[in-house]
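One file, input-v3.tsv, is given below (TSV, C-alpha atoms).
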chain	number	residue	atom	x	y	z
A	6	MET	CA	0.00	0.00	0.00
A	7	LYS	CA	1.49	3.30	-1.10
A	8	SER	CA	2.21	5.77	1.67
A	9	VAL	CA	-0.07	8.83	1.54
A	10	PRO	CA	0.27	11.68	4.07
A	11	THR	CA	-3.01	11.59	5.99
A	12	ILE	CA	-4.91	14.00	8.20
A	13	ASP	CA	-7.12	12.38	10.82
A	14	ALA	CA	-10.03	14.82	10.81
A	15	HIS	CA	-11.92	13.32	13.74
A	16	HIS	CA	-10.43	12.14	17.01
A	17	HIS	CA	-10.64	12.87	20.71
A	18	ILE	CA	-8.33	13.11	23.68
A	19	TRP	CA	-9.54	13.48	27.24
A	20	ARG	CA	-8.98	13.45	30.95
A	21	LEU	CA	-11.54	11.23	32.62
A	22	ASN	CA	-12.33	13.67	35.41
A	23	ASP	CA	-13.44	16.33	32.91
A	24	LEU	CA	-16.24	14.16	31.54
A	25	PRO	CA	-19.09	13.13	33.85
A	26	TRP	CA	-20.72	11.16	31.03
A	27	LEU	CA	-17.58	9.01	30.84
A	28	SER	CA	-16.66	8.84	34.52
A	29	GLY	CA	-20.20	8.21	35.79
A	30	PRO	CA	-22.28	5.03	35.83
A	31	GLN	CA	-22.35	3.00	32.62
A	32	VAL	CA	-25.51	3.61	30.59
A	33	PRO	CA	-26.59	2.35	27.14
A	34	ARG	CA	-24.85	4.43	24.47
A	35	ILE	CA	-24.78	4.63	20.72
A	36	PHE	CA	-21.39	2.87	20.54
A	37	GLY	CA	-22.23	0.07	22.96
A	38	PRO	CA	-20.40	-0.94	26.17
A	39	TYR	CA	-17.53	1.47	26.80
A	40	GLN	CA	-15.78	0.56	30.06
A	41	PRO	CA	-12.38	0.13	28.32
A	42	ILE	CA	-12.25	3.83	27.40
A	43	CYS	CA	-13.37	5.12	30.81
A	44	ARG	CA	-9.88	6.42	31.54
A	45	ASP	CA	-7.55	9.18	30.46
A	46	TYR	CA	-6.76	9.17	26.74
A	47	PRO	CA	-3.83	11.59	26.28
A	48	ILE	CA	-2.33	12.81	23.03
A	49	SER	CA	0.70	10.58	23.67
A	50	GLU	CA	-1.50	7.47	23.50
A	51	TYR	CA	-3.23	8.74	20.38
A	52	ARG	CA	0.17	9.25	18.72
A	53	SER	CA	1.18	5.77	19.79
A	54	ASP	CA	-2.04	4.34	18.35
A	55	THR	CA	-1.32	5.94	14.97
A	56	ALA	CA	2.26	4.63	14.79
A	57	GLY	CA	2.95	2.82	11.52
A	58	CYS	CA	0.17	4.68	9.72
A	59	ASP	CA	0.61	7.81	7.61
A	60	ILE	CA	-0.99	10.30	10.00
A	61	VAL	CA	0.80	13.65	9.71
A	62	LYS	CA	-1.77	15.97	11.30
A	63	SER	CA	-4.96	15.65	13.32
A	64	ILE	CA	-8.14	17.49	14.31
A	65	TYR	CA	-9.65	17.28	17.77
A	66	ILE	CA	-13.44	17.15	18.10
A	67	GLN	CA	-15.20	18.30	21.28
A	68	THR	CA	-16.18	15.68	23.83
A	69	ASN	CA	-19.12	17.26	25.72
A	70	TRP	CA	-17.62	18.74	28.84
A	71	PRO	CA	-20.30	19.91	31.32
A	72	ALA	CA	-22.48	22.89	30.45
A	73	GLY	CA	-20.61	26.15	30.80
A	74	LYS	CA	-17.20	24.49	30.29
A	75	SER	CA	-16.91	24.80	26.50
A	76	TYR	CA	-14.21	27.44	26.67
A	77	ASP	CA	-12.32	25.49	29.35
A	78	GLU	CA	-12.27	22.48	27.04
A	79	ALA	CA	-10.99	24.50	24.10
A	80	ARG	CA	-8.35	26.21	26.23
A	81	TRP	CA	-7.12	22.82	27.47
A	82	VAL	CA	-6.91	21.46	23.91
A	83	GLN	CA	-5.00	24.58	22.91
A	84	SER	CA	-2.54	23.99	25.75
A	85	VAL	CA	-1.95	20.41	24.57
A	86	SER	CA	-1.41	21.64	21.02
A	87	ASP	CA	0.98	24.34	22.20
A	88	GLU	CA	2.98	21.84	24.25
A	89	THR	CA	3.12	18.90	21.85
A	90	GLY	CA	2.26	20.21	18.38
A	91	TRP	CA	-0.83	17.94	18.28
A	92	PRO	CA	-3.68	18.27	17.52
A	93	HIS	CA	-3.36	20.81	14.72
A	94	ALA	CA	-6.95	22.08	14.86
A	95	ASN	CA	-9.84	22.09	17.30
A	96	VAL	CA	-13.57	21.81	16.69
A	97	ALA	CA	-15.00	23.28	19.87
A	98	HIS	CA	-18.46	23.22	21.41
A	99	ALA	CA	-20.96	26.04	21.74
A	100	ASP	CA	-24.68	26.04	22.47
A	101	LEU	CA	-25.72	28.21	19.55
A	102	ALA	CA	-29.14	28.90	21.09
A	103	ASP	CA	-27.54	30.57	24.10
A	104	PRO	CA	-28.12	34.35	24.06
A	105	ASP	CA	-24.42	34.78	24.87
A	106	ALA	CA	-23.24	32.46	22.10
A	107	GLY	CA	-21.68	35.32	20.16
A	108	SER	CA	-19.37	36.19	23.05
A	109	LEU	CA	-18.30	32.56	23.49
A	110	LEU	CA	-17.66	32.16	19.76
A	111	LYS	CA	-15.37	35.19	19.78
A	112	ARG	CA	-13.38	33.80	22.72
A	113	LEU	CA	-13.13	30.40	21.04
A	114	ALA	CA	-12.09	31.94	17.73
A	115	ASP	CA	-9.31	33.85	19.48
A	116	LEU	CA	-7.64	30.53	20.34
A	117	PRO	CA	-5.23	29.75	17.47
A	118	ALA	CA	-6.32	26.13	16.95
A	119	THR	CA	-10.08	26.73	16.72
A	120	ARG	CA	-11.51	26.00	13.28
A	121	GLY	CA	-15.13	25.04	13.88
A	122	ILE	CA	-18.02	24.25	16.19
A	123	ARG	CA	-19.86	21.03	16.87
A	124	GLN	CA	-23.19	20.97	18.66
A	125	GLN	CA	-24.66	17.52	18.25
A	126	LEU	CA	-28.17	17.68	16.78
A	127	HIS	CA	-28.83	14.01	16.16
A	128	TRP	CA	-32.21	12.73	17.31
A	129	HIS	CA	-33.67	9.28	16.82
A	130	GLU	CA	-36.85	7.44	17.75
A	131	ASN	CA	-34.61	4.99	19.58
A	132	PRO	CA	-33.73	6.75	22.88
A	133	GLN	CA	-30.32	5.02	22.94
A	134	TYR	CA	-29.40	6.85	19.72
A	135	ARG	CA	-30.84	10.18	20.81
A	136	PHE	CA	-28.77	13.22	21.78
A	137	ALA	CA	-30.72	16.39	20.94
A	138	PRO	CA	-33.97	17.00	22.84
A	139	ARG	CA	-35.96	16.95	19.60
A	140	PRO	CA	-35.24	16.44	15.87
A	141	ASP	CA	-35.72	20.03	14.71
A	142	VAL	CA	-33.45	22.13	16.95
A	143	MET	CA	-31.83	23.43	13.75
A	144	LYS	CA	-35.10	25.21	12.86
A	145	ASP	CA	-35.16	27.37	15.98
A	146	ALA	CA	-34.74	31.09	15.31
A	147	ASP	CA	-32.48	31.57	18.35
A	148	TRP	CA	-30.28	28.65	17.35
A	149	ARG	CA	-29.99	29.92	13.77
A	150	ARG	CA	-29.05	33.34	15.08
A	151	GLY	CA	-26.10	31.71	16.82
A	152	LEU	CA	-25.16	29.72	13.73
A	153	ALA	CA	-25.09	32.93	11.70
A	154	ARG	CA	-22.27	34.20	13.93
A	155	LEU	CA	-19.89	31.44	12.82
A	156	SER	CA	-19.18	33.13	9.50
A	157	ASP	CA	-18.05	36.25	11.41
A	158	HIS	CA	-15.07	34.22	12.59
A	159	GLY	CA	-14.54	31.91	9.61
A	160	LEU	CA	-15.68	28.89	11.61
A	161	LEU	CA	-17.26	25.82	10.03
A	162	PHE	CA	-20.08	23.78	11.56
A	163	GLU	CA	-19.97	20.02	12.07
A	164	LEU	CA	-23.45	18.66	11.41
A	165	GLN	CA	-24.31	15.44	13.23
A	166	ILE	CA	-27.73	14.15	12.18
A	167	PHE	CA	-29.51	10.95	11.18
A	168	ALA	CA	-31.06	10.21	7.79
A	169	SER	CA	-34.51	11.22	9.03
A	170	GLN	CA	-33.15	14.75	9.67
A	171	MET	CA	-31.31	15.19	6.38
A	172	ALA	CA	-34.09	17.07	4.57
A	173	ASP	CA	-33.94	19.67	7.35
A	174	GLY	CA	-30.16	19.56	7.19
A	175	ALA	CA	-30.19	20.37	3.48
A	176	GLU	CA	-32.61	23.23	4.10
A	177	LEU	CA	-30.26	24.53	6.78
A	178	ALA	CA	-27.27	24.40	4.45
A	179	ARG	CA	-29.20	26.24	1.75
A	180	GLY	CA	-30.21	28.88	4.29
A	181	PHE	CA	-26.58	29.54	5.26
A	182	PRO	CA	-24.66	29.40	1.97
A	183	ASP	CA	-21.64	31.22	3.44
A	184	THR	CA	-21.18	28.63	6.19
A	185	VAL	CA	-19.14	25.50	5.57
A	186	PHE	CA	-20.80	22.34	6.90
A	187	VAL	CA	-19.09	19.03	7.57
A	188	LEU	CA	-21.48	16.10	7.93
A	189	GLU	CA	-20.34	13.79	10.70
A	190	HIS	CA	-19.84	10.06	10.31
A	191	ALA	CA	-21.13	9.90	6.72
A	192	GLY	CA	-24.66	10.59	7.89
A	193	MET	CA	-24.77	7.93	10.61
A	194	LEU	CA	-26.31	5.00	8.73
A	195	GLU	CA	-27.82	3.01	11.60
A	196	ASP	CA	-30.53	1.06	9.75
A	197	MET	CA	-28.86	-1.22	7.22
A	198	SER	CA	-32.07	-2.78	5.94
A	199	PRO	CA	-32.99	-1.97	2.31
A	200	VAL	CA	-35.45	0.64	3.59
A	201	GLY	CA	-32.82	2.19	5.87
A	202	TRP	CA	-30.24	2.32	3.10
A	203	GLN	CA	-32.71	4.05	0.79
A	204	LEU	CA	-33.67	6.65	3.41
A	205	TRP	CA	-29.99	7.39	3.99
A	206	ARG	CA	-29.24	7.45	0.25
A	207	ASP	CA	-32.09	9.88	-0.46
A	208	GLY	CA	-31.02	12.17	2.38
A	209	MET	CA	-27.38	12.13	1.29
A	210	ALA	CA	-28.43	13.00	-2.25
A	211	ARG	CA	-30.29	16.06	-0.92
A	212	LEU	CA	-27.29	17.16	1.09
A	213	SER	CA	-24.91	16.59	-1.82
A	214	GLN	CA	-26.78	19.22	-3.82
A	215	CYS	CA	-25.58	21.83	-1.30
A	216	ARG	CA	-22.04	22.70	-2.35
A	217	ASN	CA	-21.21	23.96	1.15
A	218	VAL	CA	-21.73	20.47	2.65
A	219	ASN	CA	-18.76	18.13	3.00
A	220	VAL	CA	-18.72	14.64	4.49
A	221	LYS	CA	-16.50	13.11	7.11
A	222	LEU	CA	-15.95	9.41	6.46
A	223	SER	CA	-15.65	8.54	10.13
A	224	GLY	CA	-17.40	6.55	12.82
A	225	LEU	CA	-18.38	3.83	10.36
A	226	GLY	CA	-18.19	1.13	13.02
A	227	THR	CA	-20.51	2.95	15.42
A	228	PHE	CA	-23.62	0.88	14.84
A	229	VAL	CA	-22.05	-2.52	14.16
A	230	HIS	CA	-19.41	-2.17	16.90
A	231	ALA	CA	-16.79	-3.59	14.56
A	232	CYS	CA	-14.39	-2.60	11.81
A	233	ARG	CA	-16.01	-4.30	8.82
A	234	ASP	CA	-15.03	-3.83	5.21
A	235	ASP	CA	-18.52	-4.90	4.09
A	236	VAL	CA	-19.92	-1.88	5.98
A	237	ILE	CA	-17.19	0.68	5.37
A	238	GLY	CA	-16.77	-0.09	1.67
A	239	PRO	CA	-20.35	0.51	0.48
A	240	ILE	CA	-20.85	3.62	2.63
A	241	VAL	CA	-17.62	5.15	1.37
A	242	LYS	CA	-18.33	4.29	-2.26
A	243	GLU	CA	-21.86	5.71	-2.28
A	244	THR	CA	-20.81	8.84	-0.40
A	245	VAL	CA	-17.91	9.60	-2.70
A	246	ALA	CA	-20.13	9.00	-5.73
A	247	LEU	CA	-22.56	11.64	-4.46
A	248	PHE	CA	-20.18	14.26	-3.07
A	249	GLY	CA	-16.93	13.71	-4.94
A	250	ALA	CA	-13.56	13.11	-3.31
A	251	ASP	CA	-12.91	16.84	-2.95
A	252	ARG	CA	-15.78	17.07	-0.43
A	253	CYS	CA	-14.94	13.91	1.54
A	254	LEU	CA	-12.38	13.41	4.30
A	255	PHE	CA	-11.10	10.68	6.60
A	256	GLY	CA	-11.57	10.51	10.37
A	257	SER	CA	-10.73	7.73	12.81
A	258	ASN	CA	-13.17	8.55	15.63
A	259	PHE	CA	-10.53	7.29	18.08
A	260	PRO	CA	-10.65	6.30	20.86
A	261	ILE	CA	-14.31	5.36	20.39
A	262	GLU	CA	-13.41	2.92	17.60
A	263	LYS	CA	-10.69	1.55	19.86
A	264	LEU	CA	-13.51	-0.31	21.58
A	265	TRP	CA	-13.55	-2.79	18.69
A	266	THR	CA	-10.41	-2.32	16.62
A	267	ASP	CA	-6.88	-0.94	16.58
A	268	TYR	CA	-5.82	2.09	14.57
A	269	GLY	CA	-3.73	0.16	12.06
A	270	THR	CA	-6.59	-2.17	11.18
A	271	LEU	CA	-9.02	0.74	10.84
A	272	TYR	CA	-6.61	2.70	8.65
A	273	ARG	CA	-5.80	-0.26	6.39
A	274	THR	CA	-9.48	-1.13	6.01
A	275	PHE	CA	-10.26	2.44	5.03
A	276	ARG	CA	-7.36	2.58	2.58
A	277	GLU	CA	-8.65	-0.60	0.94
A	278	ALA	CA	-12.14	0.94	0.73
A	279	ILE	CA	-10.82	3.85	-1.35
A	280	ALA	CA	-8.29	1.86	-3.39
A	281	TYR	CA	-10.60	1.93	-6.44
A	282	LEU	CA	-10.17	5.70	-6.71
A	283	SER	CA	-7.40	7.56	-8.52
A	284	GLU	CA	-4.30	8.61	-6.58
A	285	ALA	CA	-5.46	12.24	-6.66
A	286	GLU	CA	-8.89	11.30	-5.29
A	287	GLN	CA	-7.35	9.20	-2.54
A	288	ALA	CA	-5.04	12.09	-1.62
A	289	ALA	CA	-8.04	14.42	-1.46
A	290	ILE	CA	-9.92	12.17	0.98
A	291	LEU	CA	-6.89	11.37	3.10
A	292	HIS	CA	-5.32	14.82	3.22
A	293	ASP	CA	-6.27	17.64	0.87
A	294	THR	CA	-9.95	18.15	1.75
A	295	ALA	CA	-9.21	18.32	5.47
A	296	SER	CA	-6.21	20.56	4.89
A	297	ARG	CA	-8.37	23.01	2.96
A	298	LEU	CA	-11.43	22.97	5.24
A	299	TYR	CA	-9.52	23.25	8.51
A	300	ARG	CA	-6.68	25.40	7.15
A	301	ILE	CA	-3.87	23.18	8.37
Encoding of this model in structure tokens:
Amino acid sequence: MKSVPTIDAHHHIWRLNDLPWLSGPQVPRIFGPYQPICRDYPISEYRSDTAGCDIVKSIYIQTNWPAGKSYDEARWVQSVSDETGWPHANVAHADLADPDAGSLLKRLADLPATRGIRQQLHWHENPQYRFAPRPDVMKDADWRRGLARLSDHGLLFELQIFASQMADGAELARGFPDTVFVLEHAGMLEDMSPVGWQLWRDGMARLSQCRNVNVKLSGLGTFVHACRDDVIGPIVKETVALFGADRCLFGSNFPIEKLWTDYGTLYRTFREAIAYLSEAEQAAILHDTASRLYRI
């Protein structure tokens, strides 16, 4: 397999004591049993996990610190980046419906590593898959007012939704043409029945028509709790066919995926899933799209 410099556009690091959801009692979660990751996961372990792969830069994604601690999280990530050189960019958290969101966004944007915001909007009929309080938070006027402030600072928005929310997601993207959106986890295909595939496919097609929507090919083991080429391959192929390689990017979702695989296996499986593409297209997905979107 030819070496290709790769940017991991979706990973986490954490200190257990910062995350009540991780340090508290085990509850059913979208990624299944998670006791093995209920511990510190420092940048040194992440770098060790990626050893032998072609990872040259990385992007940290927020991990849901307690309410009111979004800036503390971003400041800590910045300190790690300043000390070690990794990660190279940070996607921070902000509650965009908060009346004071504009002030927080300015403070976050003043940190050198900040490139975007993630506020998880995914809602599902299955309570175990549910995060947002309802499926249509993105339609709220107050929330949209906060989203509109991102473009003031050149920040992108990471959109985490299920297939049933994709029509609203496409409407959102059309309503904010100057905002760059990155769809998380290739649209979170959780229902792999023929009906589920078609719902996801139709939603992805709608989103693909919005040129400001890009797709992160990450978290593809979330719903099968395994690293499977028969899952990763078809999702990647259909997504790239809709969006093009120049709007797709790789992410490991570590250490969540560490629950069922190691980094080398995940990376090799992903590389095999894109092997049918040209060298330029592979380079776009592995490096160039992320480099452009996150300015690293």
* Of the candidates A:Arg34, A:His230, A:Arg112, A:Lys62, which shows the shortest atom-to-atom distance to Leu264 (chain A), using only C-alpha atoms? ->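 Using only C-alpha atoms, Leu264 (chain A) sits closest to A:His230.
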* Asked: Closest to Gly121 (chain A) among A:Ile35, A:Ile60, A:Ala72, A:Leu155, using only C-alpha atoms?
  -> A:Leu155
* To do: Would you mind telling me which residue in A:Val236, A:Val61, A:Leu160, A:Ile42 lies nearest to His98 (chain A) when using all atoms listed in the file?
  =>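 Of all the options, A:Leu160 lies closest to His98 (chain A).
Proximity of A:Asp103, A:Glu163, A:Glu262, A:Asp147 to Leu126 (chain A), computed with all atoms listed in the file, is greatest for A:Glu163.
For the atom pair formed by CA of Pro182 (chain A) and CA of Glu286 (chain A), the distance is 25.1 Å, given to one decimal.
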* Structure fact -> Leu101 (chain A) proximity check over A:Val82, A:Leu152, A:Ile261, A:Ala246, using only C-alpha atoms: winner is A:Leu152
* Asked: If you count all atoms listed in the file, which residues fall within 6 Å of His127 (chain A), apart from same-chain ones fewer than 2 positions away, as a PyMOL selection string?
  -> chain A and resi 125+136-137+165-167
* To do: Considering only C-alpha atoms, state which residue in the set A:Tyr51, A:Phe275, A:Tyr46, A:Phe36 is at the smallest distance from Met6 (chain A).
  =>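 Looking at the shortest contact to Met6 (chain A), the residue is A:Phe275.
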* Can you tell me, as number ranges by chain, what residues are no more than 9 Å from Ala175 (chain A) when counting only C-alpha atoms, ignoring any on the same chain fewer than 4 positions away? -> A: 170-171, 179-180, 208-209, 211-215, 218
* To do: Counting all atoms listed in the file, find the residues whose atoms lie at most 12 Å from (-1.8, 12.0, 6.3) (file coordinates) and write them out as a ChimeraX atom specification.
  => /A:7-14,55-64,254-257,272,276,287-296,301
Go ahead and save the picked residues with C-alpha atoms, as a short mmCIF file (atom, residue, chain, number, x, y, z; two decimals), in the frame of the given file.
data_model
loop_
_atom_site.label_atom_id
_atom_site.label_comp_id
_atom_site.auth_asym_id
_atom_site.auth_seq_id
_atom_site.Cartn_x
_atom_site.Cartn_y
_atom_site.Cartn_z
CA LYS A 7 1.49 3.30 -1.10
CA SER A 8 2.21 5.77 1.67
CA VAL A 9 -0.07 8.83 1.54
CA PRO A 10 0.27 11.68 4.07
CA THR A 11 -3.01 11.59 5.99
CA ILE A 12 -4.91 14.00 8.20
CA ASP A 13 -7.12 12.38 10.82
CA ALA A 14 -10.03 14.82 10.81
CA THR A 55 -1.32 5.94 14.97
CA ALA A 56 2.26 4.63 14.79
CA GLY A 57 2.95 2.82 11.52
CA CYS A 58 0.17 4.68 9.72
CA ASP A 59 0.61 7.81 7.61
CA ILE A 60 -0.99 10.30 10.00
CA VAL A 61 0.80 13.65 9.71
CA LYS A 62 -1.77 15.97 11.30
CA SER A 63 -4.96 15.65 13.32
CA ILE A 64 -8.14 17.49 14.31
CA LEU A 254 -12.38 13.41 4.30
CA PHE A 255 -11.10 10.68 6.60
CA GLY A 256 -11.57 10.51 10.37
CA SER A 257 -10.73 7.73 12.81
CA TYR A 272 -6.61 2.70 8.65
CA ARG A 276 -7.36 2.58 2.58
CA GLN A 287 -7.35 9.20 -2.54
CA ALA A 288 -5.04 12.09 -1.62
CA ALA A 289 -8.04 14.42 -1.46
CA ILE A 290 -9.92 12.17 0.98
CA LEU A 291 -6.89 11.37 3.10
CA HIS A 292 -5.32 14.82 3.22
CA ASP A 293 -6.27 17.64 0.87
CA THR A 294 -9.95 18.15 1.75
CA ALA A 295 -9.21 18.32 5.47
CA SER A 296 -6.21 20.56 4.89
CA ILE A 301 -3.87 23.18 8.37
#
Mind giving me the axis-aligned box for region 82-92 of chain A with 5 Å on every side, centre plus edges in Å to one decimal, as AutoDock Vina command-line options?
--center_x -1.9 --center_y 21.3 --center_z 21.6 --size_x 20.0 --size_y 16.6 --size_z 18.2
* To do: Just the residues within 12 Å of Ser84 (chain A), please, counting all atoms listed in the file, with nothing from its chain fewer than 4 positions along; format it as a count of residues only.
  => 16
* To do: One decimal, Å: what's the distance from CA of Leu109 (chain A) over to CA of Ser75 (chain A), could you say?
  =>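 Interatomic distance, CA of Leu109 (chain A) to CA of Ser75 (chain A): 8.4 Å.
Relative to CA of Ser223 (chain A), CA of Glu277 (chain A) is found at 14.7 Å.
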* To do: In the coordinate frame of the file, compute which residues have an atom within 8 Å of (-23.0, 5.4, 12.3) when using all atoms listed in the file, and state them as a PyMOL selection string.
  => chain A and resi 190-195+224-228
* **Who sits within 12 Å of Asn217 (chain A), only C-alpha atoms, same chain under 3 positions skipped, as a ChimeraX atom specification** => /A:161-164,174-188,212-214,220,248,251-253,298
* Name the residues in contact with Gly29 (chain A) at a cut-off of 12 Å, using only C-alpha atoms, excluding same-chain residues fewer than 3 positions from it; report them as a PyMOL selection string. => chain A and resi 21-26+32+39-40+43-44
Please, can region 279-298 of chain A be completed to N, CA, C and O atoms and returned as a short mmCIF file (atom, residue, chain, number, x, y, z; two decimals), in the frame of the given file?
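Produced file rebuild34.cif, reproduced below:
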data_model
loop_
_atom_site.label_atom_id
_atom_site.label_comp_id
_atom_site.auth_asym_id
_atom_site.auth_seq_id
_atom_site.Cartn_x
_atom_site.Cartn_y
_atom_site.Cartn_z
N ILE A 279 -10.96 2.78 -0.35
CA ILE A 279 -10.82 3.85 -1.35
C ILE A 279 -9.81 3.50 -2.44
O ILE A 279 -9.49 4.33 -3.29
N ALA A 280 -9.34 2.26 -2.45
CA ALA A 280 -8.29 1.86 -3.39
C ALA A 280 -8.76 1.91 -4.85
O ALA A 280 -7.93 1.99 -5.76
N TYR A 281 -10.06 1.89 -5.08
CA TYR A 281 -10.60 1.93 -6.44
C TYR A 281 -10.49 3.32 -7.06
O TYR A 281 -10.63 3.49 -8.28
N LEU A 282 -10.24 4.33 -6.23
CA LEU A 282 -10.17 5.70 -6.71
C LEU A 282 -8.78 6.04 -7.25
O LEU A 282 -7.81 5.32 -6.98
N SER A 283 -8.69 7.12 -8.00
CA SER A 283 -7.40 7.56 -8.52
C SER A 283 -6.51 8.03 -7.36
O SER A 283 -7.00 8.31 -6.26
N GLU A 284 -5.21 8.14 -7.61
CA GLU A 284 -4.30 8.61 -6.58
C GLU A 284 -4.67 10.01 -6.11
O GLU A 284 -4.59 10.32 -4.92
N ALA A 285 -5.08 10.87 -7.03
CA ALA A 285 -5.46 12.24 -6.66
C ALA A 285 -6.70 12.24 -5.79
O ALA A 285 -6.81 13.02 -4.83
N GLU A 286 -7.67 11.38 -6.10
CA GLU A 286 -8.89 11.30 -5.29
C GLU A 286 -8.59 10.75 -3.90
O GLU A 286 -9.12 11.23 -2.90
N GLN A 287 -7.73 9.74 -3.84
CA GLN A 287 -7.35 9.20 -2.54
C GLN A 287 -6.64 10.26 -1.70
O GLN A 287 -6.90 10.40 -0.49
N ALA A 288 -5.76 11.04 -2.33
CA ALA A 288 -5.04 12.09 -1.62
C ALA A 288 -6.00 13.16 -1.12
O ALA A 288 -5.82 13.72 -0.03
N ALA A 289 -7.04 13.44 -1.88
CA ALA A 289 -8.04 14.42 -1.46
C ALA A 289 -8.73 13.95 -0.19
O ALA A 289 -8.86 14.70 0.79
N ILE A 290 -9.18 12.71 -0.17
CA ILE A 290 -9.92 12.17 0.98
C ILE A 290 -9.02 12.04 2.20
O ILE A 290 -9.44 12.32 3.33
N LEU A 291 -7.80 11.63 1.99
CA LEU A 291 -6.89 11.37 3.10
C LEU A 291 -6.23 12.63 3.64
O LEU A 291 -5.85 12.68 4.82
N HIS A 292 -6.10 13.66 2.80
CA HIS A 292 -5.32 14.82 3.22
C HIS A 292 -5.88 16.17 2.76
O HIS A 292 -6.15 17.07 3.55
N ASP A 293 -6.08 16.31 1.45
CA ASP A 293 -6.27 17.64 0.87
C ASP A 293 -7.57 18.32 1.29
O ASP A 293 -7.60 19.53 1.54
N THR A 294 -8.66 17.55 1.36
CA THR A 294 -9.95 18.15 1.75
C THR A 294 -9.87 18.68 3.17
O THR A 294 -10.28 19.82 3.44
N ALA A 295 -9.34 17.89 4.07
CA ALA A 295 -9.21 18.32 5.47
C ALA A 295 -8.27 19.50 5.58
O ALA A 295 -8.52 20.46 6.33
N SER A 296 -7.16 19.47 4.85
CA SER A 296 -6.21 20.56 4.89
C SER A 296 -6.85 21.88 4.47
O SER A 296 -6.63 22.93 5.10
N ARG A 297 -7.69 21.81 3.45
CA ARG A 297 -8.37 23.01 2.96
C ARG A 297 -9.44 23.49 3.94
O ARG A 297 -9.50 24.68 4.29
N LEU A 298 -10.30 22.59 4.39
CA LEU A 298 -11.43 22.97 5.24
C LEU A 298 -10.98 23.50 6.59
O LEU A 298 -11.54 24.46 7.13
#
